[in-house]
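Note: the block below is run_33.txt and it holds compact mmCIF, C-alpha atoms.
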```txt
# COMPACT_ATOMS: atom_id res chain seq x y z
CA MET A 153 219.67 175.60 190.72
CA THR A 154 217.37 178.25 189.38
CA GLN A 155 219.12 178.78 186.07
CA SER A 156 217.22 177.75 182.99
CA ALA A 157 218.37 174.86 180.87
CA ALA A 158 219.78 177.18 178.23
CA GLU A 159 222.25 178.71 180.69
CA ALA A 160 223.47 175.41 182.07
CA LEU A 161 226.94 174.62 180.77
CA PHE A 162 227.17 171.20 182.35
CA ARG A 163 224.11 169.06 182.84
CA ALA A 164 223.00 165.52 183.52
CA ASP A 165 219.62 164.09 182.61
CA ASP A 166 217.95 161.01 184.00
CA LEU A 167 221.17 159.27 185.00
CA THR A 168 221.04 155.73 186.29
CA CYS A 169 224.13 154.10 187.73
CA ARG A 170 224.66 150.46 188.54
CA ARG A 171 227.55 149.01 190.51
CA GLY A 172 227.64 145.23 190.40
CA GLU A 173 224.15 143.99 191.27
CA ARG A 174 223.09 147.21 192.96
CA LEU A 175 221.34 150.25 191.46
CA VAL A 176 223.09 153.18 193.14
CA PHE A 177 220.83 155.96 191.89
CA GLN A 178 218.30 156.48 189.15
CA GLY A 179 216.59 159.41 187.46
CA LEU A 180 219.33 161.75 188.61
CA THR A 181 219.17 165.16 186.96
CA PHE A 182 221.08 168.38 187.56
CA ALA A 183 222.38 171.42 185.71
CA VAL A 184 225.26 173.73 186.56
CA PRO A 185 225.92 177.08 184.82
CA ALA A 186 229.39 178.48 184.11
CA GLY A 187 230.85 179.68 187.41
CA GLY A 188 228.53 177.40 189.35
CA ALA A 189 229.23 174.92 192.12
CA LEU A 190 227.36 171.84 193.20
CA PHE A 191 227.65 169.91 196.46
CA LEU A 192 226.91 166.21 196.33
CA LEU A 193 225.30 165.25 199.63
CA GLY A 194 224.20 161.95 201.06
CA PRO A 195 225.22 159.19 203.43
CA ASN A 196 228.07 156.77 202.74
CA GLY A 197 227.29 154.53 199.82
CA SER A 198 224.68 156.85 198.31
CA GLY A 199 226.75 157.15 195.13
CA LYS A 200 228.65 160.43 195.47
CA SER A 201 231.92 158.91 194.31
CA SER A 202 230.20 156.89 191.59
CA LEU A 203 228.54 160.04 190.26
CA LEU A 204 231.84 161.93 190.18
CA ARG A 205 233.52 159.03 188.38
CA LEU A 206 230.64 158.87 185.96
CA LEU A 207 230.87 162.62 185.26
CA ALA A 208 234.60 162.22 184.66
CA GLY A 209 233.96 159.45 182.15
CA LEU A 210 235.58 156.71 184.23
CA LEU A 211 232.23 154.94 184.66
CA LYS A 212 229.48 154.38 182.13
CA GLN A 213 225.93 155.21 183.13
CA LEU A 214 223.23 152.63 182.58
CA THR A 215 220.83 155.24 181.17
CA GLY A 216 220.74 159.00 180.74
CA THR A 217 223.03 161.62 179.26
CA VAL A 218 225.68 164.02 180.47
CA THR A 219 226.31 167.08 178.30
CA TRP A 220 228.83 169.92 178.24
CA ALA A 221 227.58 172.96 176.29
CA GLY A 222 225.06 170.67 174.65
CA GLU A 223 227.62 168.09 173.53
CA PRO A 224 227.22 164.62 175.04
CA LEU A 225 230.33 163.36 176.83
CA SER A 226 230.32 160.12 174.95
CA SER A 227 230.79 161.94 171.64
CA ASP A 228 234.38 162.99 172.38
CA ARG A 229 236.11 161.34 175.30
CA GLU A 230 239.44 163.11 174.82
CA ALA A 231 237.87 166.56 174.62
CA HIS A 232 236.05 165.91 177.87
CA ALA A 233 239.24 164.66 179.55
CA GLY A 234 240.90 167.90 178.45
CA ARG A 235 238.32 170.07 180.14
CA LEU A 236 238.25 168.38 183.52
CA HIS A 237 240.33 167.72 186.60
CA TYR A 238 239.30 164.73 188.67
CA LEU A 239 240.50 164.39 192.25
CA GLY A 240 239.65 161.00 193.69
CA HIS A 241 240.35 159.49 197.09
CA GLN A 242 243.86 158.59 196.07
CA ASP A 243 246.61 161.12 195.57
CA SER A 244 248.26 159.40 192.57
CA LEU A 245 251.76 160.24 193.74
CA LYS A 246 254.96 158.28 193.22
CA ASN A 247 256.98 158.07 196.42
CA VAL A 248 260.37 158.06 194.73
CA LEU A 249 259.70 161.15 192.61
CA THR A 250 260.13 164.59 194.13
CA VAL A 251 257.18 166.85 194.86
CA ARG A 252 257.98 168.92 191.80
CA GLU A 253 258.49 165.90 189.52
CA ASN A 254 255.14 164.47 190.59
CA LEU A 255 253.31 167.67 189.76
CA LEU A 256 255.22 168.25 186.54
CA PHE A 257 254.30 164.78 185.25
CA TRP A 258 250.55 165.24 185.65
CA ALA A 259 250.62 168.85 184.47
CA ARG A 260 252.58 167.96 181.31
CA LEU A 261 250.25 165.07 180.54
CA HIS A 262 247.28 167.38 180.80
CA ASP A 263 248.91 170.20 178.88
CA PRO A 264 252.35 169.62 177.34
CA ALA A 265 252.90 173.40 177.14
CA VAL A 266 252.88 173.91 180.93
CA GLY A 267 255.95 175.95 181.87
CA ASP A 268 258.11 176.08 184.99
CA ALA A 269 256.49 179.31 186.15
CA LYS A 270 253.07 177.65 186.29
CA ILE A 271 254.44 174.73 188.29
CA ASP A 272 256.21 177.02 190.76
CA ALA A 273 253.09 179.12 191.17
CA ALA A 274 250.94 176.05 191.83
CA LEU A 275 253.41 174.74 194.43
CA ALA A 276 253.62 178.16 196.09
CA ALA A 277 249.84 178.49 196.18
CA LEU A 278 249.62 175.37 198.33
CA SER A 279 252.69 176.23 200.42
CA LEU A 280 254.65 173.36 198.92
CA ALA A 281 257.47 175.44 197.43
CA PRO A 282 259.94 174.72 200.28
CA LEU A 283 259.28 170.97 199.84
CA ALA A 284 259.64 170.95 196.03
CA SER A 285 262.79 168.86 195.91
CA LEU A 286 261.80 166.36 198.59
CA PRO A 287 260.70 162.85 197.58
CA ALA A 288 256.94 162.47 197.99
CA LYS A 289 257.60 159.56 200.36
CA LEU A 290 258.50 162.07 203.09
CA LEU A 291 255.23 164.02 202.87
CA SER A 292 252.51 163.81 205.49
CA ALA A 293 248.98 162.84 204.48
CA GLY A 294 247.90 166.49 204.41
CA GLN A 295 250.91 167.52 202.36
CA ARG A 296 250.19 164.72 199.87
CA ARG A 297 246.65 165.99 199.53
CA ARG A 298 247.91 169.51 198.91
CA LEU A 299 250.24 168.21 196.22
CA ALA A 300 247.30 166.40 194.60
CA LEU A 301 245.31 169.65 194.75
CA SER A 302 248.14 171.58 193.10
CA ARG A 303 247.35 169.69 189.88
CA LEU A 304 244.19 171.77 189.60
CA LEU A 305 246.23 174.96 189.41
CA ALA A 306 249.21 173.78 187.35
CA ALA A 307 247.17 172.95 184.25
CA GLU A 308 243.90 174.71 183.60
CA ALA A 309 240.58 172.94 183.10
CA PRO A 310 237.10 174.45 183.44
CA LEU A 311 235.49 171.49 185.22
CA TRP A 312 236.67 170.33 188.65
CA LEU A 313 235.31 167.06 190.00
CA LEU A 314 236.49 166.76 193.60
CA ASP A 315 235.82 163.74 195.78
CA GLU A 316 236.23 164.85 199.39
CA PRO A 317 239.03 167.27 198.55
CA SER A 318 239.57 168.45 202.14
CA VAL A 319 240.44 165.06 203.65
CA GLY A 320 243.61 165.38 205.73
CA LEU A 321 243.92 169.16 205.26
CA ASP A 322 244.59 171.51 208.18
CA ILE A 323 242.44 174.61 208.77
CA ALA A 324 244.72 176.95 206.82
CA SER A 325 244.77 174.58 203.83
CA VAL A 326 240.99 174.22 203.88
CA ALA A 327 240.74 178.01 203.68
CA ARG A 328 243.21 177.93 200.77
CA LEU A 329 241.06 175.30 199.04
CA GLU A 330 238.01 177.52 199.46
CA GLU A 331 239.93 180.42 197.89
CA MET A 332 241.02 178.18 195.00
CA ILE A 333 237.43 177.19 194.35
CA ALA A 334 236.24 180.80 194.51
CA ALA A 335 238.94 181.95 192.06
CA HIS A 336 238.16 179.07 189.72
CA ARG A 337 234.47 179.98 189.71
CA ALA A 338 235.20 183.67 189.23
CA GLY A 339 236.93 182.66 186.00
CA GLY A 340 233.82 180.82 184.83
CA GLY A 341 234.89 177.37 186.04
CA ILE A 342 232.54 174.75 187.45
CA VAL A 343 233.15 172.77 190.65
CA ILE A 344 231.27 169.64 191.62
CA LEU A 345 232.35 168.20 194.94
CA SER A 346 231.46 165.83 197.70
CA THR A 347 232.47 166.62 201.25
CA HIS A 348 231.72 165.67 204.82
CA VAL A 349 233.10 168.87 206.31
CA ASP A 350 231.60 172.33 206.13
CA LEU A 351 233.36 173.86 203.13
CA LYS A 352 232.41 177.47 202.46
CA VAL A 353 231.38 177.69 198.83
CA PRO A 354 228.96 180.62 198.40
CA ASP A 355 225.80 180.10 196.34
CA ALA A 356 226.58 176.45 195.72
CA GLY A 357 223.78 174.16 194.64
CA GLN A 358 223.04 171.01 196.59
CA LEU A 359 222.22 167.61 195.21
CA PHE A 360 220.86 165.09 197.72
CA LEU A 361 221.70 161.71 196.30
CA ASP A 362 219.37 159.76 198.58
CA GLN A 363 216.48 161.43 196.74
CA PHE A 364 217.49 159.43 193.70
CA ALA A 365 217.96 156.12 195.48
CA PRO A 366 215.96 153.39 193.77
CA ALA A 367 212.61 152.72 195.49
CA VAL A 368 213.30 149.00 195.61
CA SER A 369 216.89 147.86 195.77
CA THR A 370 217.89 144.80 193.83
CA GLN A 371 218.91 143.18 197.12
CA GLU A 372 215.30 143.37 198.25
CA LEU A 373 214.19 141.84 194.98
CA TRP A 374 216.49 138.91 195.59
CA ALA A 375 215.20 138.37 199.12
CA MET B 224 251.75 129.24 221.49
CA SER B 225 248.13 129.92 220.66
CA ARG B 226 249.24 133.18 219.09
CA LEU B 227 251.47 131.21 216.73
CA TRP B 228 248.43 129.32 215.51
CA THR B 229 246.42 132.51 215.26
CA VAL B 230 248.98 133.86 212.83
CA VAL B 231 249.20 130.58 210.88
CA GLN B 232 245.42 130.44 210.67
CA ARG B 233 245.09 134.02 209.53
CA ASP B 234 247.79 133.70 206.87
CA LEU B 235 246.28 130.46 205.59
CA ARG B 236 242.90 132.15 205.37
CA LEU B 237 244.41 135.08 203.49
CA ALA B 238 246.21 132.69 201.16
CA LEU B 239 243.02 130.77 200.43
CA ARG B 240 240.92 133.90 199.90
CA GLN B 241 243.29 135.94 197.77
CA GLY B 242 246.69 134.35 197.82
CA SER B 243 248.48 133.77 194.62
CA ASP B 244 251.73 133.02 196.39
CA SER B 245 251.61 129.24 196.72
CA LEU B 246 249.95 128.78 193.34
CA MET B 247 252.46 131.21 191.91
CA VAL B 248 255.33 129.09 193.15
CA VAL B 249 253.86 125.87 191.75
CA GLY B 250 252.88 127.63 188.55
CA PHE B 251 256.36 128.97 188.09
CA PHE B 252 257.82 125.52 188.77
CA VAL B 253 255.56 123.81 186.23
CA LEU B 254 256.01 126.46 183.56
CA THR B 255 259.78 126.49 183.88
CA VAL B 256 259.98 122.73 183.54
CA THR B 257 257.79 122.80 180.42
CA LEU B 258 260.29 125.21 178.90
CA PHE B 259 263.18 122.78 179.39
CA PRO B 260 262.95 121.18 175.96
CA PHE B 261 264.23 124.51 174.67
CA GLU B 262 267.17 124.50 177.03
CA ARG B 263 269.22 121.92 175.17
CA THR B 264 271.42 124.55 173.61
CA SER B 265 273.09 127.59 175.11
CA ALA B 266 270.83 129.85 173.01
CA GLY B 267 267.85 128.05 174.49
CA ILE B 268 269.07 128.59 178.04
CA LEU B 269 269.70 132.27 177.38
CA TRP B 270 266.30 132.81 175.81
CA VAL B 271 264.27 130.86 178.36
CA THR B 272 265.88 132.66 181.29
CA ALA B 273 265.54 136.04 179.59
CA LEU B 274 261.87 135.30 179.09
CA LEU B 275 261.32 134.30 182.71
CA ALA B 276 263.26 137.34 183.91
CA SER B 277 261.16 139.72 181.85
CA MET B 278 257.99 138.05 183.12
CA LEU B 279 258.99 138.70 186.73
CA SER B 280 258.81 142.44 186.18
CA LEU B 281 255.47 142.43 184.35
CA ASP B 282 253.42 142.06 187.50
CA ARG B 283 254.18 145.64 188.55
CA LEU B 284 253.81 147.23 185.10
CA PHE B 285 250.29 148.55 185.70
CA LEU B 286 249.63 147.34 189.25
CA ALA B 287 251.47 150.21 190.97
CA ASP B 288 249.56 152.78 188.90
CA TYR B 289 246.33 150.90 189.51
CA GLU B 290 246.81 150.88 193.26
CA ASP B 291 247.79 154.51 193.77
CA GLY B 292 245.08 155.96 191.51
CA SER B 293 247.48 157.00 188.75
CA LEU B 294 245.79 154.72 186.25
CA GLU B 295 242.53 156.64 186.60
CA LEU B 296 244.31 159.89 185.90
CA LEU B 297 246.14 158.36 182.95
CA THR B 298 242.82 157.34 181.39
CA LEU B 299 241.61 160.93 181.97
CA THR B 300 244.50 162.42 180.00
CA PRO B 301 243.32 164.29 176.90
CA THR B 302 245.05 162.03 174.42
CA SER B 303 244.55 158.48 173.26
CA LEU B 304 245.45 156.05 176.02
CA GLU B 305 247.27 153.90 173.45
CA ILE B 306 250.04 156.49 173.31
CA LEU B 307 250.52 156.49 177.08
CA VAL B 308 250.48 152.69 177.14
CA MET B 309 253.10 152.65 174.38
CA GLY B 310 255.20 154.94 176.57
CA LYS B 311 254.96 152.53 179.46
CA ILE B 312 255.87 149.59 177.22
CA ILE B 313 258.93 151.42 175.87
CA ALA B 314 260.02 152.21 179.44
CA HIS B 315 259.49 148.57 180.40
CA TRP B 316 261.64 147.41 177.49
CA LEU B 317 264.39 149.92 178.29
CA THR B 318 264.51 148.94 181.96
CA THR B 319 264.18 145.16 181.65
CA ALA B 320 265.09 143.93 178.17
CA LEU B 321 267.97 146.28 177.45
CA PRO B 322 270.00 145.21 180.51
CA ILE B 323 269.33 141.58 179.55
CA ILE B 324 270.57 142.24 176.02
CA ALA B 325 273.66 143.93 177.43
CA ALA B 326 274.43 140.97 179.69
CA ALA B 327 273.67 138.32 177.07
CA PRO B 328 277.03 138.27 175.19
CA ILE B 329 278.99 137.69 178.40
CA LEU B 330 276.67 134.90 179.45
CA ALA B 331 276.88 133.43 175.94
CA VAL B 332 280.65 133.12 176.37
CA LEU B 333 280.08 131.43 179.71
CA LEU B 334 277.74 128.92 178.04
CA HIS B 335 280.21 128.29 175.19
CA LEU B 336 277.93 129.56 172.46
CA GLN B 337 279.81 129.10 169.20
CA GLU B 338 281.10 132.27 167.57
CA ASP B 339 278.83 131.92 164.55
CA GLY B 340 275.77 132.30 166.76
CA PHE B 341 276.71 135.56 168.51
CA ILE B 342 275.39 138.08 166.03
CA THR B 343 272.24 136.07 165.42
CA LEU B 344 271.67 135.80 169.17
CA MET B 345 271.84 139.57 169.52
CA LEU B 346 269.57 140.01 166.49
CA THR B 347 266.95 137.67 167.95
CA PHE B 348 267.09 139.52 171.26
CA LEU B 349 266.60 142.86 169.52
CA LEU B 350 263.71 141.53 167.43
CA GLY B 351 262.14 139.34 170.11
CA THR B 352 262.26 141.24 173.38
CA PRO B 353 260.06 144.16 172.22
CA THR B 354 257.40 141.55 171.44
CA LEU B 355 257.76 140.18 174.96
CA SER B 356 257.12 143.63 176.45
CA LEU B 357 254.16 144.25 174.13
CA ILE B 358 252.46 140.92 174.83
CA GLY B 359 253.38 141.17 178.50
CA ALA B 360 251.66 144.55 178.85
CA MET B 361 248.50 143.03 177.45
CA GLY B 362 248.59 140.28 180.06
CA ALA B 363 249.49 142.65 182.90
CA ALA B 364 246.48 144.83 182.03
CA LEU B 365 244.13 141.86 181.79
CA VAL B 366 244.92 140.53 185.26
CA LEU B 367 244.51 143.90 187.02
CA GLY B 368 242.04 143.56 189.83
CA ALA B 369 241.88 139.80 189.39
CA ARG B 370 242.66 137.54 192.28
CA ARG B 371 245.69 135.32 191.77
CA GLY B 372 246.86 137.83 189.19
CA GLY B 373 250.43 136.60 189.22
CA VAL B 374 249.79 133.02 188.23
CA LEU B 375 247.06 134.05 185.79
CA LEU B 376 249.53 136.34 184.12
CA SER B 377 252.05 133.56 183.56
CA LEU B 378 249.35 131.26 182.24
CA LEU B 379 248.06 133.92 179.84
CA ILE B 380 251.38 135.17 178.63
CA LEU B 381 253.59 132.14 178.36
CA PRO B 382 251.72 130.41 175.51
CA LEU B 383 251.96 133.68 173.57
CA TYR B 384 255.68 133.88 174.30
CA ILE B 385 256.39 130.39 172.96
CA PRO B 386 256.41 131.30 169.23
CA VAL B 387 258.99 134.01 169.90
CA LEU B 388 261.05 131.49 171.82
CA ILE B 389 260.81 128.85 169.08
CA PHE B 390 261.91 131.09 166.24
CA ALA B 391 264.56 132.93 168.23
CA VAL B 392 266.22 129.74 169.44
CA GLY B 393 265.73 128.21 165.99
CA ALA B 394 267.55 131.11 164.38
CA VAL B 395 270.56 130.88 166.69
CA ASP B 396 270.77 127.10 166.32
CA ALA B 397 270.58 127.45 162.54
CA ALA B 398 273.38 130.02 162.59
CA VAL B 399 275.57 127.75 164.70
CA GLN B 400 274.97 124.84 162.34
CA GLY B 401 275.50 126.97 159.24
CA LEU B 402 271.90 126.57 158.07
CA PRO B 403 269.80 129.36 156.52
CA LEU B 404 268.25 131.50 159.25
CA LYS B 405 266.51 134.23 157.30
CA GLY B 406 263.11 132.57 157.65
CA HIS B 407 263.34 132.48 161.43
CA LEU B 408 264.29 136.13 161.64
CA LEU B 409 261.54 137.17 159.23
CA ILE B 410 258.93 135.41 161.34
CA LEU B 411 260.31 137.06 164.50
CA GLY B 412 260.03 140.42 162.77
CA GLY B 413 256.54 139.54 161.58
CA ILE B 414 255.39 138.71 165.10
CA LEU B 415 256.78 142.04 166.29
CA LEU B 416 255.00 143.93 163.51
CA ALA B 417 251.71 142.26 164.40
CA ALA B 418 252.12 142.86 168.14
CA LEU B 419 253.09 146.51 167.70
CA PRO B 420 249.60 147.80 166.85
CA LEU B 421 247.48 145.00 168.34
CA ALA B 422 248.94 144.69 171.84
CA PRO B 423 248.42 148.37 172.82
CA LEU B 424 244.82 148.20 171.58
CA ALA B 425 244.08 145.13 173.68
CA THR B 426 245.96 146.61 176.64
CA VAL B 427 243.89 149.80 176.55
CA ALA B 428 240.62 147.86 176.39
CA ALA B 429 241.68 145.84 179.44
CA LEU B 430 242.81 148.94 181.35
CA ARG B 431 239.50 150.73 180.77
CA GLN B 432 237.74 147.68 182.12
CA ALA B 433 239.98 147.62 185.18
CA VAL B 434 239.45 151.31 185.98
CA GLU B 435 235.68 151.02 185.77
```
Any chance you could give the structure as structure tokens?
Amino acid sequence: MTQSAAEALFRADDLTCRRGERLVFQGLTFAVPAGGALFLLGPNGSGKSSLLRLLAGLLKQLTGTVTWAGEPLSSDREAHAGRLHYLGHQDSLKNVLTVRENLLFWARLHDPAVGDAKIDAALAALSLAPLASLPAKLLSAGQRRRLALSRLLAAEAPLWLLDEPSVGLDIASVARLEEMIAAHRAGGGIVILSTHVDLKVPDAGQLFLDQFAPAVSTQELWA
Amino acid sequence: MSRLWTVVQRDLRLALRQGSDSLMVVGFFVLTVTLFPFERTSAGILWVTALLASMLSLDRLFLADYEDGSLELLTLTPTSLEILVMGKIIAHWLTTALPIIAAAPILAVLLHLQEDGFITLMLTFLLGTPTLSLIGAMGAALVLGARRGGVLLSLLILPLYIPVLIFAVGAVDAAVQGLPLKGHLLILGGILLAALPLAPLATVAALRQAVE
């Protein structure tokens, strides 16, 4: 991240996160400009998922601030929700609804004006169009993941927070995901993602979470 | 044979660590018996069973969304969560209370409810069951992520259901006996009007806690 602070659209300053009795990270700072991408790297348990949840507004930080275009997240929760897509470990699908119904529900909640064309395009982009009328129960794990990813395309949002988005995807779908990310960034969108596979995201920044691990863990203090 | 005991042991351990099942059964037993004083009249029987039936479905109201990650996405929807919660409560009422209301007149005939009580019975159901869904949602949100959620839910919710039960049954009994019933109905309406804004607020606070 070489961009100056003024250019950074999305930034975090001095974030500290606590889960239960444990400090996950502290003093975490980063900045991402429009069109930028940031990889969250670190071993299991280093706080990648916690950071993504915190950036989405699902978790509250202990200290520090997160700002979008200079506005702190906490100032307008709904506005922040409107500008982001969060993809967690779970696919948030209902087995008894069809592929199309599942997507339509989330897209309409995000943007009530989403039309059929947008839904069809999102399904086609992830090769789900032939499965559109099948109940989600019949999908494989990879197909479920693709359906979850189609949310990103069906309703637009400038900030993508993706927690291991490629889990369960085949090689062709991973390539499609890389294209999606590139197109999103070309339009000025930001992507922050954690991954354990080698996703090709050109010029992406890297944030090593173990650098922000607390020097002394609370567990050691208790010992 | 040793495998039999392995399974028994493992299921007992699971029940002790997380299980609400056995407590749930006892809890349900105790709670139902405590409701029996209301079951002297046919209106009482109808109301108590309707209440227990609607409670059975509450467990799943938010749990399914909580488990499959939908709840997180719902809280990340760019609108106030109260509106989405209200939507879920309306759907709960339409799928659980409405069928009960539809079945009630037939069951009332079966229980020999006197003719004078019929319209009042339907009125109390229409005024009372939305309150049950509203209060129930609050309880269902509070027990998310808690161990022994099922029995906790009954313990939390039932005391709050009792006033609805008292005034609903009171109204029908008054109608049957030719006594004035306006007061009962007004209180039922009042409880509904209080629950309408308050229950979604409390539900949302509990859901945000659960998602974090």
* To do: Pull out every residue of chain A that has at least one atom within 7 Å of chain B, counting all atoms listed in the file, and report them as a VMD selection string.
  => chain A and resid 210 to 211 230 to 231 233 to 234 242 to 245 261 to 262
* For atom CA of B:Phe341 and atom CA of B:Ile323, the interatomic separation in Å (one decimal) -> 14.6 Å
* Asked: Distance atom CA of A:Arg260-atom CA of A:Ala307, one decimal place?
  -> 7.9 Å
* Quick one: distance from atom CA of A:Lys289 to atom CA of A:Val251 in Å, one decimal? ->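 Between atom CA of A:Lys289 and atom CA of A:Val251 the gap is 9.1 Å.
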* To do: Pick out the closest residue to A:Gln213 from this set: A:Ala274, A:Leu193, A:Ala164, A:Ala269. Count only C-alpha atoms.
  => A:Ala164
* Write out as a ChimeraX atom specification each polymer residue whose atoms come within 8 Å of A:Leu239, counting all atoms listed in the file; drop sequence neighbours fewer than 2 positions from it. => /A:237,241-243,300-301,312-315,317
Restrict the selected residues to C-alpha atoms and save them as a short mmCIF file (atom, residue, chain, number, x, y, z; two decimals), keeping the file's coordinate frame.
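What ended up in again.cif:
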```
data_model
loop_
_atom_site.label_atom_id
_atom_site.label_comp_id
_atom_site.auth_asym_id
_atom_site.auth_seq_id
_atom_site.Cartn_x
_atom_site.Cartn_y
_atom_site.Cartn_z
CA HIS A 237 240.33 167.72 186.60
CA HIS A 241 240.35 159.49 197.09
CA GLN A 242 243.86 158.59 196.07
CA ASP A 243 246.61 161.12 195.57
CA ALA A 300 247.30 166.40 194.60
CA LEU A 301 245.31 169.65 194.75
CA TRP A 312 236.67 170.33 188.65
CA LEU A 313 235.31 167.06 190.00
CA LEU A 314 236.49 166.76 193.60
CA ASP A 315 235.82 163.74 195.78
CA PRO A 317 239.03 167.27 198.55
#
```
* **Closest of A:Ala338, A:Leu190, A:Leu311, A:Leu278 to A:His232 - atom-to-atom distances counting all atoms listed in the file** =>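 For A:His232, the nearest of the given residues is A:Leu311.
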